[in-house]
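Text of the file final_33.cif, holding mmCIF, C-alpha atoms:
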data_model
#
loop_
_atom_site.label_atom_id
_atom_site.label_comp_id
_atom_site.auth_asym_id
_atom_site.auth_seq_id
_atom_site.Cartn_x
_atom_site.Cartn_y
_atom_site.Cartn_z
CA MET A 30 121.08 83.90 76.49
CA TRP A 31 121.85 87.23 78.24
CA ARG A 32 124.59 89.49 76.93
CA ILE A 33 125.72 92.87 78.33
CA ASP A 34 127.08 95.64 76.10
CA GLN A 35 128.00 98.59 78.33
CA THR A 36 124.63 99.50 79.95
CA GLN A 37 122.41 97.56 77.53
CA ALA A 38 121.53 93.90 78.12
CA SER A 39 119.98 91.71 75.45
CA LEU A 40 118.42 88.27 75.55
CA SER A 41 118.51 85.88 72.62
CA ALA A 42 116.75 82.56 73.23
CA SER A 43 114.62 80.06 71.35
CA GLY A 44 111.57 81.97 70.13
CA LEU A 45 112.19 84.99 72.37
CA SER A 46 114.41 88.05 72.29
CA ALA A 47 114.33 91.17 74.46
CA ARG A 48 116.37 94.09 75.79
CA VAL A 49 116.91 95.74 79.20
CA ASN A 50 118.33 99.24 79.69
CA LEU A 51 120.34 98.65 82.86
CA ARG A 52 120.50 102.34 83.71
CA GLN A 53 116.71 102.63 83.58
CA PRO A 54 114.98 99.63 85.16
CA ASP A 55 111.81 101.72 85.15
CA LEU A 56 111.63 101.05 81.37
CA GLY A 57 111.37 97.30 81.99
CA ILE A 58 111.97 94.49 79.52
CA ALA A 59 111.46 95.98 76.06
CA ASP A 60 111.87 95.23 72.34
CA LEU A 61 110.13 91.89 72.87
CA VAL A 62 109.94 89.54 69.89
CA TRP A 63 107.94 86.38 70.57
CA GLN A 64 107.80 83.57 68.01
CA GLY A 65 108.87 86.00 65.28
CA THR A 66 106.28 88.66 66.18
CA HIS A 67 107.28 92.04 67.63
CA LEU A 68 105.02 92.84 70.59
CA VAL A 69 104.48 96.52 69.80
CA GLY A 70 104.27 98.71 72.91
CA ALA A 71 105.16 95.90 75.33
CA ARG A 72 107.31 96.70 78.37
CA LEU A 73 107.29 94.03 81.03
CA LEU A 74 108.20 94.20 84.73
CA GLN A 75 109.15 97.86 84.95
CA VAL A 76 110.65 98.65 88.37
CA ARG A 77 109.66 102.14 89.50
CA ARG A 78 110.36 104.24 92.58
CA PRO A 79 107.11 106.03 93.45
CA ARG A 80 108.91 108.78 95.35
CA SER A 81 109.80 111.82 93.24
CA GLY A 82 113.55 112.25 92.78
CA ALA A 83 114.40 108.73 93.96
CA ASP A 84 116.74 107.91 91.08
CA GLN A 85 118.03 104.35 90.82
CA ASN A 86 121.78 104.59 90.23
CA LEU A 87 123.40 101.55 88.64
CA VAL A 88 126.27 100.19 90.76
CA ASP A 89 127.03 96.84 89.12
CA ALA A 90 125.66 94.45 86.49
CA TYR A 91 126.65 90.97 85.38
CA VAL A 92 125.34 87.68 83.97
CA ARG A 93 125.32 84.43 85.94
CA GLY A 94 123.84 81.43 84.17
CA ALA A 95 120.29 82.31 83.13
CA ASP A 96 120.25 85.40 85.38
CA LEU A 97 120.85 89.03 84.48
CA ILE A 98 121.75 90.75 87.77
CA ALA A 99 121.95 94.48 88.50
CA VAL A 100 122.54 96.40 91.72
CA TYR A 101 121.21 99.93 92.32
CA GLU A 102 121.51 102.55 95.04
CA THR A 103 118.80 105.09 95.71
CA ARG A 104 119.73 108.15 97.74
CA LEU A 105 116.86 110.27 99.00
CA SER A 106 116.89 111.05 102.72
CA GLY A 107 118.91 107.88 103.20
CA ALA A 108 120.07 104.95 101.12
CA VAL A 109 118.23 101.92 99.75
CA THR A 110 120.13 99.25 97.85
CA THR A 111 118.08 97.28 95.34
CA GLN A 112 119.20 94.10 93.61
CA LEU A 113 117.30 92.90 90.56
CA TYR A 114 117.49 89.42 89.04
CA TRP A 115 115.93 89.02 85.59
CA ARG A 116 115.88 85.21 85.28
CA TYR A 117 115.16 83.63 81.92
CA ILE A 118 112.71 80.72 82.16
CA GLU A 119 111.77 78.24 79.45
CA HIS A 120 109.25 75.39 79.43
CA ALA A 121 109.87 73.91 75.99
CA ASP A 122 107.34 71.10 76.50
CA LEU A 123 104.58 73.68 77.01
CA CYS A 124 105.92 76.20 74.47
CA LEU A 125 106.32 78.79 77.23
CA ALA A 126 109.18 81.20 77.84
CA GLY A 127 109.65 84.34 79.88
CA PHE A 128 111.13 85.85 82.99
CA GLU A 129 111.15 85.72 86.76
CA LEU A 130 112.02 89.05 88.33
CA ILE A 131 113.45 88.75 91.86
CA VAL A 132 113.73 92.03 93.79
CA SER A 133 115.75 92.41 96.99
CA VAL A 134 116.01 95.62 99.06
CA GLN A 135 117.99 96.70 102.11
CA THR A 136 118.83 100.03 103.76
CA GLU A 137 121.66 101.68 105.68
CA LEU A 138 119.21 103.60 107.87
CA LEU A 139 117.49 102.48 111.04
CA ASP A 140 114.16 103.09 109.30
CA ASP A 141 113.44 103.70 105.60
CA ASP A 142 110.79 103.45 102.90
CA PRO A 143 111.74 100.76 100.32
CA GLY A 144 108.52 101.08 98.32
CA LEU A 145 108.54 100.01 94.67
CA ALA A 146 105.92 99.68 91.95
CA LEU A 147 106.04 96.95 89.30
CA VAL A 148 104.41 97.94 86.03
CA SER A 149 103.78 95.92 82.86
CA GLU A 150 102.31 97.25 79.61
CA LEU A 151 101.42 94.95 76.73
CA PRO A 152 98.84 94.30 74.02
CA CYS A 153 95.61 92.90 75.44
CA VAL A 154 92.16 92.22 73.99
CA GLU A 155 90.95 90.12 76.94
CA LEU A 156 92.08 89.78 80.55
CA PHE A 157 91.43 86.85 82.89
CA GLN A 158 92.15 86.24 86.60
CA ALA A 159 92.41 82.94 88.43
CA ALA A 160 89.23 82.56 90.46
CA LYS A 161 90.92 80.27 93.00
CA ALA A 162 94.46 79.56 94.14
CA ASP A 163 94.66 76.34 92.10
CA ALA A 164 93.97 78.35 88.89
CA ALA A 165 91.58 75.64 87.70
CA CYS A 166 88.99 78.27 86.80
CA LEU A 167 89.49 81.68 85.18
CA ALA A 168 87.20 84.69 85.31
CA ARG A 169 87.11 87.57 82.84
CA VAL A 170 88.22 90.93 84.21
CA PRO A 171 86.43 94.02 82.82
CA VAL A 172 89.19 96.48 81.97
CA PRO A 173 88.98 100.25 81.37
CA GLU A 174 88.98 101.11 77.68
CA SER A 175 89.96 104.79 77.75
CA ALA A 176 92.13 107.06 79.89
CA PRO A 177 89.23 108.91 81.62
CA ASP A 178 87.91 105.61 83.01
CA ALA A 179 88.84 104.78 86.59
CA PRO A 180 91.49 102.04 86.98
CA CYS A 181 90.20 98.51 87.56
CA ARG A 182 91.36 97.25 90.98
CA CYS A 183 91.69 93.49 91.52
CA THR A 184 92.37 91.61 94.76
CA GLY A 185 92.25 87.86 95.37
CA VAL A 186 94.64 85.58 93.48
CA GLY A 187 97.64 87.25 91.83
CA LEU A 188 97.51 85.25 88.59
CA PHE A 189 96.43 86.97 85.37
CA LEU A 190 96.19 85.88 81.73
CA TYR A 191 96.32 88.37 78.86
CA ARG A 192 95.18 87.45 75.35
CA PHE A 193 97.05 89.41 72.70
CA GLY A 194 94.64 89.14 69.80
CA LYS A 195 96.79 90.00 66.75
CA ALA A 196 100.00 88.49 68.13
CA PRO A 197 100.18 84.73 68.78
CA GLY A 198 99.10 83.45 72.19
CA GLY A 199 99.25 85.62 75.28
CA TYR A 200 100.98 86.40 78.55
CA LEU A 201 100.70 84.96 82.06
CA GLU A 202 101.78 87.04 85.06
CA MET A 203 101.96 85.46 88.53
CA VAL A 204 102.64 87.04 91.92
CA PRO A 205 102.98 84.81 95.02
CA PRO A 206 100.34 85.36 97.74
CA ALA A 207 102.94 86.71 100.18
CA ASP A 208 103.81 89.52 97.75
CA PHE A 209 100.34 90.29 96.34
CA ASP A 210 97.71 92.57 97.84
CA HIS A 211 96.06 94.13 94.80
CA VAL A 212 96.75 95.31 91.26
CA GLU A 213 95.34 98.17 89.21
CA PHE A 214 94.73 98.03 85.45
CA GLU A 215 94.40 101.03 83.15
CA PRO A 216 94.77 101.74 79.41
CA GLY A 217 98.41 101.81 78.33
CA ALA A 218 100.25 104.67 76.65
CA ASN A 219 100.17 102.79 73.34
CA PRO A 220 97.02 101.87 71.36
CA GLU A 221 95.40 98.54 72.31
CA THR A 222 97.68 98.01 75.29
CA LEU A 223 96.84 97.45 78.95
CA CYS A 224 98.96 98.66 81.87
CA SER A 225 99.12 96.86 85.23
CA ARG A 226 100.59 98.24 88.45
CA PHE A 227 101.12 96.64 91.83
CA LYS A 228 103.17 97.74 94.81
CA LEU A 229 105.98 96.00 96.67
CA PHE A 230 107.42 96.60 100.13
CA GLU A 231 104.76 98.90 101.54
CA GLU A 232 105.98 98.32 105.11
CA ARG A 233 108.91 100.27 106.54
CA LEU A 234 112.37 98.70 106.28
CA GLU A 235 114.89 98.48 109.14
CA LYS A 236 118.66 98.40 108.88
CA GLY A 237 120.06 94.89 108.59
CA VAL A 238 116.85 93.46 107.14
CA ILE A 239 116.74 92.16 103.56
CA ARG A 240 113.30 92.00 102.02
CA ARG A 241 112.67 90.00 98.85
CA ALA A 242 109.77 89.59 96.40
CA ARG A 243 109.28 87.97 93.03
CA VAL A 244 106.97 87.94 90.03
CA ARG A 245 106.93 85.61 87.03
CA GLY A 246 105.83 86.47 83.49
CA LEU A 247 105.54 83.84 80.74
CA LEU A 248 104.74 84.27 77.06
CA GLY A 249 102.84 81.67 75.07
CA VAL A 250 99.70 81.12 77.15
CA ASP A 251 96.36 81.55 75.37
CA PRO A 252 93.56 82.34 77.86
CA ARG A 253 90.99 80.69 75.57
CA HIS A 254 92.66 77.34 76.23
CA GLY A 255 94.29 77.97 79.62
CA GLY A 256 91.38 76.68 81.70
CA ALA A 257 87.65 76.94 82.23
CA VAL A 258 86.30 80.48 82.14
CA ALA A 259 83.76 81.45 84.77
#
Will you turn the file into structure tokens for me?
Amino acid sequence: MWRIDQTQASLSASGLSARVNLRQPDLGIADLVWQGTHLVGARLLQVRRPRSGADQNLVDAYVRGADLIAVYETRLSGAVTTQLYWRYIEHADLCLAGFELIVSVQTELLDDDPGLALVSELPCVELFQAAKADAACLARVPVPESAPDAPCRCTGVGLFLYRFGKAPGGYLEMVPPADFDHVEFEPGANPETLCSRFKLFEERLEKGVIRRARVRGLLGVDPRHGGAVA
């Protein structure tokens, strides 16, 4: 399971291994090996502060059960405390494994901007989105193929399936309706990868209020067999 060595955390589980740089949550979950295959260029659930200079300073980190937990303080015209839970999830009967990222924010100020962006980059030859909330039907999403192309913006249901192509299976990313407004897709920094970005906590945050959001990412889903394609 999770193990911390100074500021590096590593996961070793059945069929899945990964690493998190606790000092740089904006680098996400990296060094992913799924079913013996290294997912080249994959970085899942990167937590980024969109404001320039808003460094996330590590305050504490520990493991509790299947959770890797880290606490950060951001000081830029105030103070925002962010707590991240990287929760390992396994569905052995479905051959699925992955993570649930739970993000909590609070501030010391009467009014502050807690805005975050969650970014994932991974290999992708086809992208699908759930057409309805029950995910019984999937629709192909046309994605930009080169950097000059405008990002593809998707609203609706926050459930997306990525097919890897060369690597086995694919990746499923799910955002609850309360936390999802839209997502933008663009070519990743690495060849044959796709980058997704969606925002959290776009409303102002008051002192004494704790705001929480979550996203789940599972490896092992193949969009060609995950449901009917519209």
Next on the checklist: I'd like to see the residues matched by the PyMOL selection byres ((chain A and resi 189) around 9) on this file, and ideally I'd get them as a count of residues only.
Outcome noted: 14
Item to check | Residues within 10 Å of range 31-48 of chain A, all atoms listed in the file, excluding chain neighbours under 2 positions, as an NGL selection string | outcome: :A and (50-53 or 57-67 or 72 or 87 or 89-97 or 115-119 or 121 or 124-127 or 248)
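Counting only C-alpha atoms and comparing A:Ala108, A:Val170, A:Ala162, A:Val69, the residue that lies closest to Pro220 in chain A is A:Val69.
Picture a line from CA of Leu123 in chain A to CA of Gly199 in chain A; it runs 13.2 Å.
This file gives the following result for the PyMOL selection byres ((chain A and resi 226-238) around 7): A:Gln135, A:Thr136, A:Glu137, A:Leu138, A:Leu139, A:Asp140, A:Asp141, A:Asp142, A:Pro143, A:Gly144, A:Leu145, A:Ala146, A:Leu147, A:Val148, A:Ser149, A:Asp208, A:His211, A:Val212, A:Glu213, A:Phe214, A:Cys224, A:Ser225, A:Ile239, A:Arg240.
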Keeping only C-alpha atoms, write those residues as a short mmCIF file (atom, residue, chain, number, x, y, z; two decimals), in the frame of the given file.
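Here's the written file part16.cif:
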data_model
loop_
_atom_site.label_atom_id
_atom_site.label_comp_id
_atom_site.auth_asym_id
_atom_site.auth_seq_id
_atom_site.Cartn_x
_atom_site.Cartn_y
_atom_site.Cartn_z
CA GLN A 135 117.99 96.70 102.11
CA THR A 136 118.83 100.03 103.76
CA GLU A 137 121.66 101.68 105.68
CA LEU A 138 119.21 103.60 107.87
CA LEU A 139 117.49 102.48 111.04
CA ASP A 140 114.16 103.09 109.30
CA ASP A 141 113.44 103.70 105.60
CA ASP A 142 110.79 103.45 102.90
CA PRO A 143 111.74 100.76 100.32
CA GLY A 144 108.52 101.08 98.32
CA LEU A 145 108.54 100.01 94.67
CA ALA A 146 105.92 99.68 91.95
CA LEU A 147 106.04 96.95 89.30
CA VAL A 148 104.41 97.94 86.03
CA SER A 149 103.78 95.92 82.86
CA ASP A 208 103.81 89.52 97.75
CA HIS A 211 96.06 94.13 94.80
CA VAL A 212 96.75 95.31 91.26
CA GLU A 213 95.34 98.17 89.21
CA PHE A 214 94.73 98.03 85.45
CA CYS A 224 98.96 98.66 81.87
CA SER A 225 99.12 96.86 85.23
CA ILE A 239 116.74 92.16 103.56
CA ARG A 240 113.30 92.00 102.02
#
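With CA of Pro152 in chain A on one side and CA of Thr222 in chain A on the other, the separation reads 4.1 Å.
Minimum distance to Pro180 in chain A across A:Leu223, A:Leu68, A:Ala99, A:Val154 (counting all atoms listed in the file) occurs at A:Leu223.
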Incomplete range 217-228 of chain A filled out to all heavy atoms as a PDB file, keeping the file's coordinate frame:
ATOM      1  N   GLY A 217      97.005 101.484  78.471  1.00  0.00           N
ATOM      2  CA  GLY A 217      98.410 101.810  78.330  1.00  0.00           C
ATOM      3  C   GLY A 217      98.634 103.058  77.496  1.00  0.00           C
ATOM      4  O   GLY A 217      97.705 103.624  76.914  1.00  0.00           O
ATOM      5  N   ALA A 218      99.892 103.484  77.418  1.00  0.00           N
ATOM      6  CA  ALA A 218     100.250 104.670  76.650  1.00  0.00           C
ATOM      7  C   ALA A 218     100.144 104.423  75.156  1.00  0.00           C
ATOM      8  O   ALA A 218      99.991 105.356  74.373  1.00  0.00           O
ATOM      9  CB  ALA A 218     101.661 105.114  77.020  1.00  0.00           C
ATOM     10  N   ASN A 219     100.247 103.154  74.756  1.00  0.00           N
ATOM     11  CA  ASN A 219     100.170 102.790  73.340  1.00  0.00           C
ATOM     12  C   ASN A 219      98.792 102.233  73.013  1.00  0.00           C
ATOM     13  O   ASN A 219      98.117 101.667  73.880  1.00  0.00           O
ATOM     14  CB  ASN A 219     101.244 101.747  73.007  1.00  0.00           C
ATOM     15  CG  ASN A 219     102.644 102.274  73.231  1.00  0.00           C
ATOM     16  OD1 ASN A 219     103.158 103.043  72.429  1.00  0.00           O
ATOM     17  ND2 ASN A 219     103.266 101.873  74.331  1.00  0.00           N
ATOM     18  N   PRO A 220      98.338 102.384  71.740  1.00  0.00           N
ATOM     19  CA  PRO A 220      97.020 101.870  71.360  1.00  0.00           C
ATOM     20  C   PRO A 220      96.899 100.367  71.609  1.00  0.00           C
ATOM     21  O   PRO A 220      97.839  99.615  71.381  1.00  0.00           O
ATOM     22  CB  PRO A 220      96.948 102.194  69.855  1.00  0.00           C
ATOM     23  CG  PRO A 220      97.911 103.318  69.653  1.00  0.00           C
ATOM     24  CD  PRO A 220      99.019 103.079  70.637  1.00  0.00           C
ATOM     25  N   GLU A 221      95.733  99.954  72.098  1.00  0.00           N
ATOM     26  CA  GLU A 221      95.400  98.540  72.310  1.00  0.00           C
ATOM     27  C   GLU A 221      96.325  97.853  73.307  1.00  0.00           C
ATOM     28  O   GLU A 221      96.544  96.650  73.238  1.00  0.00           O
ATOM     29  CB  GLU A 221      95.386  97.776  70.979  1.00  0.00           C
ATOM     30  CG  GLU A 221      94.358  98.304  69.990  1.00  0.00           C
ATOM     31  CD  GLU A 221      94.325  97.511  68.700  1.00  0.00           C
ATOM     32  OE1 GLU A 221      95.182  96.616  68.518  1.00  0.00           O
ATOM     33  OE2 GLU A 221      93.448  97.778  67.866  1.00  0.00           O
ATOM     34  N   THR A 222      96.870  98.616  74.238  1.00  0.00           N
ATOM     35  CA  THR A 222      97.680  98.010  75.290  1.00  0.00           C
ATOM     36  C   THR A 222      97.021  98.243  76.645  1.00  0.00           C
ATOM     37  O   THR A 222      96.236  99.181  76.827  1.00  0.00           O
ATOM     38  CB  THR A 222      99.113  98.573  75.325  1.00  0.00           C
ATOM     39  OG1 THR A 222      99.078  99.987  75.604  1.00  0.00           O
ATOM     40  CG2 THR A 222      99.835  98.321  74.011  1.00  0.00           C
ATOM     41  N   LEU A 223      97.358  97.371  77.587  1.00  0.00           N
ATOM     42  CA  LEU A 223      96.840  97.450  78.950  1.00  0.00           C
ATOM     43  C   LEU A 223      98.021  97.565  79.900  1.00  0.00           C
ATOM     44  O   LEU A 223      99.046  96.898  79.724  1.00  0.00           O
ATOM     45  CB  LEU A 223      96.028  96.201  79.275  1.00  0.00           C
ATOM     46  CG  LEU A 223      95.366  96.143  80.658  1.00  0.00           C
ATOM     47  CD1 LEU A 223      94.258  97.191  80.753  1.00  0.00           C
ATOM     48  CD2 LEU A 223      94.800  94.749  80.925  1.00  0.00           C
ATOM     49  N   CYS A 224      97.882  98.415  80.905  1.00  0.00           N
ATOM     50  CA  CYS A 224      98.960  98.660  81.870  1.00  0.00           C
ATOM     51  C   CYS A 224      98.526  98.149  83.241  1.00  0.00           C
ATOM     52  O   CYS A 224      97.438  98.458  83.716  1.00  0.00           O
ATOM     53  CB  CYS A 224      99.254 100.151  81.927  1.00  0.00           C
ATOM     54  SG  CYS A 224     100.666 100.591  82.958  1.00  0.00           S
ATOM     55  N   SER A 225      99.388  97.346  83.880  1.00  0.00           N
ATOM     56  CA  SER A 225      99.120  96.860  85.230  1.00  0.00           C
ATOM     57  C   SER A 225     100.132  97.461  86.194  1.00  0.00           C
ATOM     58  O   SER A 225     101.280  97.726  85.821  1.00  0.00           O
ATOM     59  CB  SER A 225      99.205  95.326  85.288  1.00  0.00           C
ATOM     60  OG  SER A 225     100.535  94.889  85.055  1.00  0.00           O
ATOM     61  N   ARG A 226      99.698  97.661  87.432  1.00  0.00           N
ATOM     62  CA  ARG A 226     100.590  98.240  88.450  1.00  0.00           C
ATOM     63  C   ARG A 226     100.280  97.611  89.803  1.00  0.00           C
ATOM     64  O   ARG A 226      99.120  97.616  90.236  1.00  0.00           O
ATOM     65  CB  ARG A 226     100.407  99.750  88.533  1.00  0.00           C
ATOM     66  CG  ARG A 226     101.252 100.445  89.626  1.00  0.00           C
ATOM     67  CD  ARG A 226     100.835 101.892  89.798  1.00  0.00           C
ATOM     68  NE  ARG A 226     101.014 102.631  88.566  1.00  0.00           N
ATOM     69  CZ  ARG A 226     102.118 103.310  88.255  1.00  0.00           C
ATOM     70  NH1 ARG A 226     103.115 103.365  89.120  1.00  0.00           N
ATOM     71  NH2 ARG A 226     102.219 103.957  87.116  1.00  0.00           N
ATOM     72  N   PHE A 227     101.304  97.052  90.444  1.00  0.00           N
ATOM     73  CA  PHE A 227     101.120  96.640  91.830  1.00  0.00           C
ATOM     74  C   PHE A 227     102.345  97.031  92.648  1.00  0.00           C
ATOM     75  O   PHE A 227     103.433  97.220  92.103  1.00  0.00           O
ATOM     76  CB  PHE A 227     100.799  95.143  91.956  1.00  0.00           C
ATOM     77  CG  PHE A 227     101.912  94.214  91.588  1.00  0.00           C
ATOM     78  CD1 PHE A 227     102.809  93.773  92.543  1.00  0.00           C
ATOM     79  CD2 PHE A 227     102.059  93.764  90.288  1.00  0.00           C
ATOM     80  CE1 PHE A 227     103.828  92.903  92.220  1.00  0.00           C
ATOM     81  CE2 PHE A 227     103.075  92.884  89.950  1.00  0.00           C
ATOM     82  CZ  PHE A 227     103.962  92.459  90.916  1.00  0.00           C
ATOM     83  N   LYS A 228     102.137  97.192  93.941  1.00  0.00           N
ATOM     84  CA  LYS A 228     103.170  97.740  94.810  1.00  0.00           C
ATOM     85  C   LYS A 228     103.887  96.635  95.578  1.00  0.00           C
ATOM     86  O   LYS A 228     103.296  95.610  95.923  1.00  0.00           O
ATOM     87  CB  LYS A 228     102.564  98.746  95.786  1.00  0.00           C
ATOM     88  CG  LYS A 228     101.980  99.978  95.107  1.00  0.00           C
ATOM     89  CD  LYS A 228     101.375 100.935  96.121  1.00  0.00           C
ATOM     90  CE  LYS A 228     100.773 102.147  95.437  1.00  0.00           C
ATOM     91  NZ  LYS A 228     100.163 103.084  96.425  1.00  0.00           N
TER      92      LYS A 228
END
